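Colleague: One structure follows; several queries about it will come next.
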Amino acid sequence: MGKALIIVDVQNDFCEGGSLAVDGGAAVAAALAAHVRDHPGEYDAVVATQDWHIDPGTHFSSEPDFVDSWPRHCVAGTPGADLHPALATALPPGRIDAFFRKGRYEAAYSGFEGRLAAPEADDAPEPGPTHRAPGVPLARWLADRGIDEVEIAGIATDHCVRATALAAVDAGLTTAVLAPLTAAVSPDNARAVFDELRRAGVQIHAD
Ligand SMILES: [Zn+2]
């Protein structure tokens, strides 16, 4: 029995000033830092996912449709792929227990497609698309620690938060989304997304 907080893709490129900025991203970064600080005993683990692209094919486009194709973002090893400083510098080193990176050679919306980032060496591009990232998948990392409940927050509500929550339910985890600690690409769609997640068995925490 244990509970983890999964912080989804709170990266510079998804916050104001980034290449795929989501309104409210920086505020979510700051609010998440405060949430982690204010709940010191709440979580047995705090993990963060990162979109981490090397050559994700048609996920990138110079004429993006903002549904299946997007402007270049979160290129592995660039500042745009770093955690937003309002989150990264507000927490003591090590407060985030592990980072899971996804999307090296293809689109990856769910954090459960992510694999544990190796310190430092992980920034180097891998030899080719047939080489899978070596790290432990998120679901196994959580299972190894007895985590059976997750709370999910981050960016974007209607894409990677949504996909991560659905995958958490599929993995058999008791799953909640912390709605105020998310930001949506299309805020008008957020309500429909939360309704969809509720139907899938996700609790939506509104405060
Ligand atoms: Zn991406």
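Just remember, in the structure tokens the first chain shown is A, the second B, etc., residues are 1-based per chain, and ligands are 1-based in the order shown.
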Could you list, as a PyMOL selection string, all protein and nucleic acid residues with an atom at most 8 Å from ligand 1, counting only C-alpha atoms and all ligand atoms?
Modeller: chain A and resi 51-53+56+59-60+70+72-74+103+107-109
Colleague: Tell me, which residues of stretch 33-203 of chain A carry DSSP alpha helix (DSSP H), written as a PyMOL selection string?
Modeller: chain A and resi 33-38+85-88+138-144+162-170+190-199
Colleague: Okay, now the selection with C-alpha atoms, as a compact mmCIF listing (two decimals), in the first residue's frame?
Modeller:
```txt
# COMPACT_ATOMS: atom_id res chain seq x y z
CA ALA A 33 5.94 22.99 -5.96
CA ALA A 34 3.78 24.43 -3.18
CA HIS A 35 1.62 21.31 -3.13
CA VAL A 36 4.65 19.04 -2.71
CA ARG A 37 6.10 21.32 0.00
CA ASP A 38 2.76 21.47 1.84
CA PRO A 85 12.21 26.39 -12.80
CA ALA A 86 9.16 27.31 -10.71
CA LEU A 87 8.96 23.61 -9.93
CA ALA A 88 12.56 22.48 -10.33
CA LEU A 138 6.94 3.62 -14.71
CA ALA A 139 4.38 0.91 -13.86
CA ARG A 140 7.07 -1.50 -12.75
CA TRP A 141 8.91 1.16 -10.75
CA LEU A 142 5.69 1.93 -8.87
CA ALA A 143 4.85 -1.75 -8.34
CA ASP A 144 8.34 -2.43 -6.99
CA ARG A 162 -5.55 12.46 -19.66
CA ALA A 163 -3.50 9.65 -21.21
CA THR A 164 -1.50 9.10 -18.03
CA ALA A 165 -4.66 8.85 -15.91
CA LEU A 166 -6.27 6.36 -18.29
CA ALA A 167 -3.10 4.26 -18.31
CA ALA A 168 -2.92 4.36 -14.50
CA VAL A 169 -6.44 2.90 -14.30
CA ASP A 170 -5.46 0.27 -16.86
CA ALA A 190 -11.27 20.26 -19.87
CA ARG A 191 -14.74 19.56 -18.50
CA ALA A 192 -15.40 16.90 -21.14
CA VAL A 193 -12.02 15.35 -20.42
CA PHE A 194 -12.75 15.18 -16.70
CA ASP A 195 -16.15 13.60 -17.45
CA GLU A 196 -14.43 10.99 -19.65
CA LEU A 197 -11.89 10.26 -16.92
CA ARG A 198 -14.61 9.90 -14.27
CA ARG A 199 -16.39 7.36 -16.48
```
Colleague: Per residue of stretch 21-81 of chain A within 6 Å of stretch 177-187 of chain A, which atom pair is closest and at what distance in Å (one decimal), using only C-alpha atoms, listed by chain and increasing number, as a tab-separated table?
Modeller:
```
residue	atom	partner	partner_atom	distance
A:Val22	CA	A:Val185	CA	5.5
A:Gly24	CA	A:Ala183	CA	5.8
A:Gly25	CA	A:Ala183	CA	5.9
A:Val28	CA	A:Leu181	CA	5.4
```
Colleague: With N, CA, C and O atoms retained, write the just-selected residues as an mmCIF file, in the first residue's frame.
Modeller:
```cif
data_model
loop_
_atom_site.group_PDB
_atom_site.id
_atom_site.type_symbol
_atom_site.label_atom_id
_atom_site.label_comp_id
_atom_site.auth_asym_id
_atom_site.auth_seq_id
_atom_site.Cartn_x
_atom_site.Cartn_y
_atom_site.Cartn_z
ATOM 1 N N VAL A 22 1.376 26.277 -23.023
ATOM 2 C CA VAL A 22 0.014 26.098 -22.555
ATOM 3 C C VAL A 22 -0.253 27.195 -21.527
ATOM 4 O O VAL A 22 0.518 27.349 -20.574
ATOM 5 N N GLY A 24 -1.177 29.037 -18.422
ATOM 6 C CA GLY A 24 -1.301 28.550 -17.057
ATOM 7 C C GLY A 24 -0.237 27.534 -16.679
ATOM 8 O O GLY A 24 -0.204 27.076 -15.529
ATOM 9 N N GLY A 25 0.639 27.193 -17.613
ATOM 10 C CA GLY A 25 1.663 26.176 -17.325
ATOM 11 C C GLY A 25 2.604 26.588 -16.199
ATOM 12 O O GLY A 25 2.875 25.801 -15.286
ATOM 13 N N VAL A 28 0.919 26.389 -12.891
ATOM 14 C CA VAL A 28 0.821 25.001 -12.443
ATOM 15 C C VAL A 28 2.158 24.545 -11.845
ATOM 16 O O VAL A 28 2.185 23.862 -10.815
#
```
Colleague: Hey, which of A:Pro137, A:Gly114, A:Pro71, A:Gly18 ends up closest to A:Leu83? Count only C-alpha atoms.
Modeller: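 Of the candidates, the smallest distance to A:Leu83 is held by A:Gly18.
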Colleague: Using DSSP on the backbone coordinates, identify the residues of stretch 61-178 of chain A assigned to strand (DSSP E); present them as an NGL selection string.
Modeller: :A and (98-102 or 115-116 or 149-155 or 174-178)
Colleague: Between atom CA of A:Ala27 and atom CA of A:Gly80, measure the distance and give it in Å to one decimal.
Modeller: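 Pair atom CA of A:Ala27 / atom CA of A:Gly80 returns 16.8 Å.
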Colleague: A:Ala31, A:Ala98, A:Leu20, A:Ala81: which is nearest A:Val47, counting only C-alpha atoms?
Modeller: A:Ala98
Colleague: Could you check the closest approach to A:Gly172 for each of A:Glu106, A:Glu149, A:Asp188, A:Asp55 and tell me which residue wins, using only C-alpha atoms?
Modeller: A:Glu149
